[in-house]
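Comments concern the structure below.
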Amino acid sequence: MSRIGKKPINLPSGVTVDVATKGVVTVKGPKGTLSQDVNPDIEVKVEGNDIVVSRPTDSKRHKSMHGLYRALINNMVIGVSEGFKKELELVGVGYKATNQGQVLELSLGYSHNIFFALPADVAVKAETAKGKNPIITLESIDKELIGQVAAKIRSLRKIEPYKGKGVRFVGEQIRRKAGKTAGKK
């Protein structure tokens, strides 16, 4: 059996789960509500304070969906109870980030500023401390959405391996390369 799939999901206090007949799982918590369509073959049951995900057969398709839906439901439970947070760091001379509401303005060394509109479910905060790199903080209850937004912001100026300039996650290790060396004569 799937190691991830067979683990029951523990429900924290204040979180309720509703499993509809058409395979829609809705999780409500103190931070909000999330819902996920689940394949009709996969069975989701609420047993006491746990959610149990089970599959009908041991076919490869059912095995892969078993672990997938268990992980998705677990991420929803964590999201509505604690939420998710990602921090991006802008490394480079003159790189800046400011936000007005849900619009993030980035200055990443191009000839123009980049205006990035964020979804309503993602909260953004841009802070610049003197002598430090600007940091963009993203917060959301939806792990998939926050990861997608962070990846899109990161793709606007990828880290280059020679000087390490660009947009990176806080604490991310970058593989550095040695630059050119002068030839011997």
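How things are named: the first chain in the structure tokens is A, the next is B, and so on; residues count from 1 in each chain; ligands count from 1 in the order shown.
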Write out as a PyMOL selection string the residues lying within 12 Å of Arg61 of chain A, counting only C-alpha atoms and excluding same-chain residues fewer than 6 positions away.
chain A and resi 2+39+41-42+55+67-68
Residues near Asn133 of chain A, anyone? I mean within 10 Å using only C-alpha atoms, not counting same-chain ones fewer than 2 positions away, as a list in words.
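The neighbour list is Leu88, Glu89, Leu90, Val91, Gly92, Val93, Gly94, Tyr95, Lys96, Ala97, Glu127, Thr128, Ala129, Lys130, Gly131, Ile135 and Ile136 of chain A.
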Output of the above residues as a short mmCIF file (atom, residue, chain, number, x, y, z; two decimals), in the first residue's frame, restricted to all heavy atoms:
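The result, written out as part_39.cif:
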```cif
data_model
loop_
_atom_site.label_atom_id
_atom_site.label_comp_id
_atom_site.auth_asym_id
_atom_site.auth_seq_id
_atom_site.Cartn_x
_atom_site.Cartn_y
_atom_site.Cartn_z
N LEU A 88 10.69 35.55 -0.89
CA LEU A 88 11.60 35.68 -2.02
C LEU A 88 12.55 36.85 -1.76
O LEU A 88 12.13 37.88 -1.21
CB LEU A 88 10.82 35.93 -3.31
CG LEU A 88 9.95 34.77 -3.77
CD1 LEU A 88 8.62 35.29 -4.26
CD2 LEU A 88 10.64 34.00 -4.84
N GLU A 89 13.80 36.68 -2.16
CA GLU A 89 14.82 37.69 -1.93
C GLU A 89 15.33 38.19 -3.28
O GLU A 89 15.58 37.40 -4.18
CB GLU A 89 15.95 37.03 -1.14
CG GLU A 89 17.09 37.90 -0.77
CD GLU A 89 18.17 37.13 -0.01
OE1 GLU A 89 18.21 35.89 -0.08
OE2 GLU A 89 18.98 37.80 0.64
N LEU A 90 15.46 39.52 -3.43
CA LEU A 90 15.96 40.12 -4.66
C LEU A 90 17.44 40.45 -4.47
O LEU A 90 17.77 41.30 -3.66
CB LEU A 90 15.19 41.39 -5.00
CG LEU A 90 13.86 41.25 -5.73
CD1 LEU A 90 12.87 40.43 -4.94
CD2 LEU A 90 13.27 42.59 -6.03
N VAL A 91 18.30 39.73 -5.19
CA VAL A 91 19.75 39.92 -5.05
C VAL A 91 20.26 40.61 -6.30
O VAL A 91 20.16 40.07 -7.39
CB VAL A 91 20.47 38.56 -4.87
CG1 VAL A 91 21.96 38.76 -4.71
CG2 VAL A 91 19.90 37.80 -3.69
N GLY A 92 20.79 41.82 -6.13
CA GLY A 92 21.34 42.56 -7.26
C GLY A 92 21.32 44.04 -6.98
O GLY A 92 20.46 44.54 -6.24
N VAL A 93 22.24 44.77 -7.58
CA VAL A 93 22.35 46.21 -7.37
C VAL A 93 21.14 46.90 -8.01
O VAL A 93 20.84 46.69 -9.18
CB VAL A 93 23.66 46.75 -7.98
CG1 VAL A 93 23.74 48.27 -7.81
CG2 VAL A 93 24.85 46.08 -7.32
N GLY A 94 20.43 47.71 -7.23
CA GLY A 94 19.30 48.48 -7.74
C GLY A 94 18.00 47.70 -7.86
O GLY A 94 17.02 48.23 -8.36
N TYR A 95 17.97 46.43 -7.43
CA TYR A 95 16.72 45.66 -7.49
C TYR A 95 15.81 46.12 -6.36
O TYR A 95 16.23 46.19 -5.21
CB TYR A 95 17.01 44.16 -7.34
CG TYR A 95 17.66 43.51 -8.53
CD1 TYR A 95 18.17 44.25 -9.59
CD2 TYR A 95 17.77 42.13 -8.61
CE1 TYR A 95 18.76 43.65 -10.68
CE2 TYR A 95 18.36 41.51 -9.71
CZ TYR A 95 18.86 42.28 -10.73
OH TYR A 95 19.45 41.68 -11.81
N LYS A 96 14.55 46.44 -6.71
CA LYS A 96 13.60 46.95 -5.73
C LYS A 96 12.26 46.26 -5.89
O LYS A 96 11.92 45.78 -6.96
CB LYS A 96 13.38 48.46 -5.93
CG LYS A 96 14.59 49.32 -5.66
CD LYS A 96 14.21 50.79 -5.80
CE LYS A 96 15.46 51.61 -6.04
NZ LYS A 96 15.46 52.32 -7.30
N ALA A 97 11.49 46.26 -4.79
CA ALA A 97 10.13 45.72 -4.83
C ALA A 97 9.24 46.57 -3.93
O ALA A 97 9.60 46.87 -2.79
CB ALA A 97 10.12 44.28 -4.34
N GLU A 127 9.30 44.39 1.66
CA GLU A 127 10.03 45.21 2.63
C GLU A 127 11.48 45.33 2.21
O GLU A 127 12.09 44.38 1.73
CB GLU A 127 9.89 44.63 4.03
CG GLU A 127 10.27 43.18 4.16
CD GLU A 127 9.86 42.57 5.48
OE1 GLU A 127 8.75 42.86 5.94
OE2 GLU A 127 10.67 41.81 6.03
N THR A 128 12.01 46.54 2.42
CA THR A 128 13.40 46.81 2.08
C THR A 128 14.06 47.42 3.31
O THR A 128 13.72 48.52 3.72
CB THR A 128 13.50 47.80 0.90
OG1 THR A 128 12.72 47.29 -0.17
CG2 THR A 128 14.93 47.97 0.44
N ALA A 129 15.01 46.68 3.91
CA ALA A 129 15.77 47.19 5.04
C ALA A 129 17.08 47.78 4.51
O ALA A 129 17.63 47.28 3.53
CB ALA A 129 16.06 46.08 6.04
N LYS A 130 17.54 48.83 5.15
CA LYS A 130 18.77 49.50 4.68
C LYS A 130 19.96 48.55 4.79
O LYS A 130 20.19 47.94 5.82
CB LYS A 130 19.01 50.75 5.52
CG LYS A 130 20.10 51.64 4.96
CD LYS A 130 20.04 53.01 5.60
CE LYS A 130 21.18 53.88 5.13
NZ LYS A 130 21.04 54.35 3.79
N GLY A 131 20.68 48.41 3.68
CA GLY A 131 21.86 47.55 3.66
C GLY A 131 21.57 46.08 3.43
O GLY A 131 22.47 45.26 3.44
N ILE A 135 12.95 41.94 0.35
CA ILE A 135 12.30 40.64 0.56
C ILE A 135 10.81 40.77 0.26
O ILE A 135 10.15 41.71 0.72
CB ILE A 135 12.54 40.13 1.99
CG1 ILE A 135 14.01 39.77 2.15
CG2 ILE A 135 11.65 38.94 2.31
CD1 ILE A 135 14.40 39.27 3.49
N ILE A 136 10.30 39.84 -0.54
CA ILE A 136 8.87 39.77 -0.85
C ILE A 136 8.30 38.60 -0.06
O ILE A 136 8.78 37.47 -0.18
CB ILE A 136 8.63 39.54 -2.35
CG1 ILE A 136 9.27 40.66 -3.18
CG2 ILE A 136 7.15 39.42 -2.65
CD1 ILE A 136 9.36 40.34 -4.65
#
```
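When the distance limit is 9 Å and only C-alpha atoms are what count, the residues near Gly5 of chain A, minus those fewer than 3 positions from it on the same chain, are A:Met1, A:Ser2, A:Pro8, A:Val52, A:Val53, A:Ser54, A:Arg55, A:Lys63, A:Met65, A:His66, A:Gly67, A:Leu68, A:Tyr69, A:Arg70, A:Ala71.
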Looking at A:Ile141, A:Ile78, A:Ile4, A:Leu156, which one is nearest to Phe115 of chain A, with distances taken over only C-alpha atoms?
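Smallest separation from Phe115 of chain A among the options: A:Leu156.
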Can you pull out the residues contacting Pro40 of chain A? Cut-off 10 Å, using only C-alpha atoms, and skip same-chain residues under 2 positions away; I want them as number ranges by chain.
A: 21-24, 37-38, 42-44, 55
List every residue of segment 130-172 of chain A that DSSP, applied to the backbone of this structure, places in strand (DSSP E), and write the result as a list in words.
Ile135, Ile136, Thr137, Leu138, Glu139, Ser140, Gly166, Val167, Arg168 and Phe169 of chain A
Kindly save the residues from that selection, with N, CA, C and O atoms included, as a PDB file, in the first residue's frame.
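Produced file selection.pdb, reproduced below:
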```
ATOM      1  N   ILE A 135      12.947  41.944   0.349  1.00  0.00           N
ATOM      2  CA  ILE A 135      12.298  40.644   0.557  1.00  0.00           C
ATOM      3  C   ILE A 135      10.810  40.773   0.260  1.00  0.00           C
ATOM      4  O   ILE A 135      10.149  41.708   0.724  1.00  0.00           O
ATOM      5  N   ILE A 136      10.298  39.839  -0.538  1.00  0.00           N
ATOM      6  CA  ILE A 136       8.866  39.769  -0.846  1.00  0.00           C
ATOM      7  C   ILE A 136       8.297  38.599  -0.060  1.00  0.00           C
ATOM      8  O   ILE A 136       8.783  37.470  -0.176  1.00  0.00           O
ATOM      9  N   THR A 137       7.266  38.852   0.762  1.00  0.00           N
ATOM     10  CA  THR A 137       6.629  37.806   1.555  1.00  0.00           C
ATOM     11  C   THR A 137       5.239  37.530   0.994  1.00  0.00           C
ATOM     12  O   THR A 137       4.424  38.451   0.892  1.00  0.00           O
ATOM     13  N   LEU A 138       4.984  36.269   0.625  1.00  0.00           N
ATOM     14  CA  LEU A 138       3.678  35.852   0.110  1.00  0.00           C
ATOM     15  C   LEU A 138       3.015  34.954   1.138  1.00  0.00           C
ATOM     16  O   LEU A 138       3.661  34.058   1.690  1.00  0.00           O
ATOM     17  N   GLU A 139       1.730  35.178   1.410  1.00  0.00           N
ATOM     18  CA  GLU A 139       0.979  34.331   2.339  1.00  0.00           C
ATOM     19  C   GLU A 139      -0.351  33.946   1.715  1.00  0.00           C
ATOM     20  O   GLU A 139      -1.009  34.772   1.080  1.00  0.00           O
ATOM     21  N   SER A 140      -0.743  32.666   1.909  1.00  0.00           N
ATOM     22  CA  SER A 140      -2.001  32.173   1.350  1.00  0.00           C
ATOM     23  C   SER A 140      -2.408  30.892   2.066  1.00  0.00           C
ATOM     24  O   SER A 140      -1.594  30.271   2.748  1.00  0.00           O
ATOM     25  N   GLY A 166      19.611  37.910  -9.026  1.00  0.00           N
ATOM     26  CA  GLY A 166      18.286  37.503  -9.482  1.00  0.00           C
ATOM     27  C   GLY A 166      17.321  37.361  -8.320  1.00  0.00           C
ATOM     28  O   GLY A 166      17.584  37.849  -7.220  1.00  0.00           O
ATOM     29  N   VAL A 167      16.206  36.689  -8.561  1.00  0.00           N
ATOM     30  CA  VAL A 167      15.186  36.466  -7.531  1.00  0.00           C
ATOM     31  C   VAL A 167      15.333  35.035  -7.041  1.00  0.00           C
ATOM     32  O   VAL A 167      15.311  34.095  -7.830  1.00  0.00           O
ATOM     33  N   ARG A 168      15.488  34.879  -5.722  1.00  0.00           N
ATOM     34  CA  ARG A 168      15.643  33.548  -5.141  1.00  0.00           C
ATOM     35  C   ARG A 168      14.779  33.423  -3.893  1.00  0.00           C
ATOM     36  O   ARG A 168      14.348  34.424  -3.328  1.00  0.00           O
ATOM     37  N   PHE A 169      14.514  32.185  -3.484  1.00  0.00           N
ATOM     38  CA  PHE A 169      13.823  31.946  -2.223  1.00  0.00           C
ATOM     39  C   PHE A 169      14.798  32.217  -1.089  1.00  0.00           C
ATOM     40  O   PHE A 169      16.001  31.966  -1.223  1.00  0.00           O
TER      41      PHE A 169
END
```
Got a sec to tell me which of segment 17-162 of chain A DSSP assigns to alpha helix (DSSP H), as a ChimeraX atom specification?
/A:60-81,143-155
May I have the residues within 12 Å of Gly48 of chain A as a PDB file with C-alpha atoms, in the first residue's frame, using only C-alpha atoms and disregarding those fewer than 6 positions away in the same chain?
```pdb
ATOM      1  CA  PRO A   8      -4.591   9.112   8.240  1.00  0.00           C
ATOM      2  CA  ILE A   9      -4.850  12.915   8.224  1.00  0.00           C
ATOM      3  CA  ASN A  10      -5.330  14.333  11.720  1.00  0.00           C
ATOM      4  CA  LEU A  11      -7.854  17.180  11.934  1.00  0.00           C
ATOM      5  CA  PRO A  12      -6.811  20.111  14.153  1.00  0.00           C
ATOM      6  CA  THR A  16     -14.279  20.630   9.567  1.00  0.00           C
ATOM      7  CA  VAL A  17     -14.342  18.392   6.489  1.00  0.00           C
TER       8      VAL A  17
END
```
Using Å and a single decimal, report how far atom CA of Glu47 of chain A sits from atom CA of Gly79 of chain A.
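Here the two named atoms are 20.5 Å from each other.
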I need the residue nearest Phe84 of chain A from this list: A:Lys60, A:Lys132, A:Lys6, A:Lys143. Use only C-alpha atoms for the distance.
A:Lys143
Would you kindly return, as a PyMOL selection string, each protein, DNA or RNA residue with an atom no farther than 10 Å from any atom of Met76 of chain A, considering only C-alpha atoms and excluding same-chain residues fewer than 2 positions away?
chain A and resi 25-29+33-36+70-74+78-83+141-144
Excluding Glu105 of chain A and its own-chain neighbours fewer than 5 positions away, which residues fall within 10 Å of it when counting only C-alpha atoms? Please give them as a PyMOL selection string.
chain A and resi 96-100+113-117+126
Residue with smallest distance to Leu106 of chain A - pool A:Ala150, A:Lys85, A:Arg157, A:Leu145, counting only C-alpha atoms:
A:Arg157
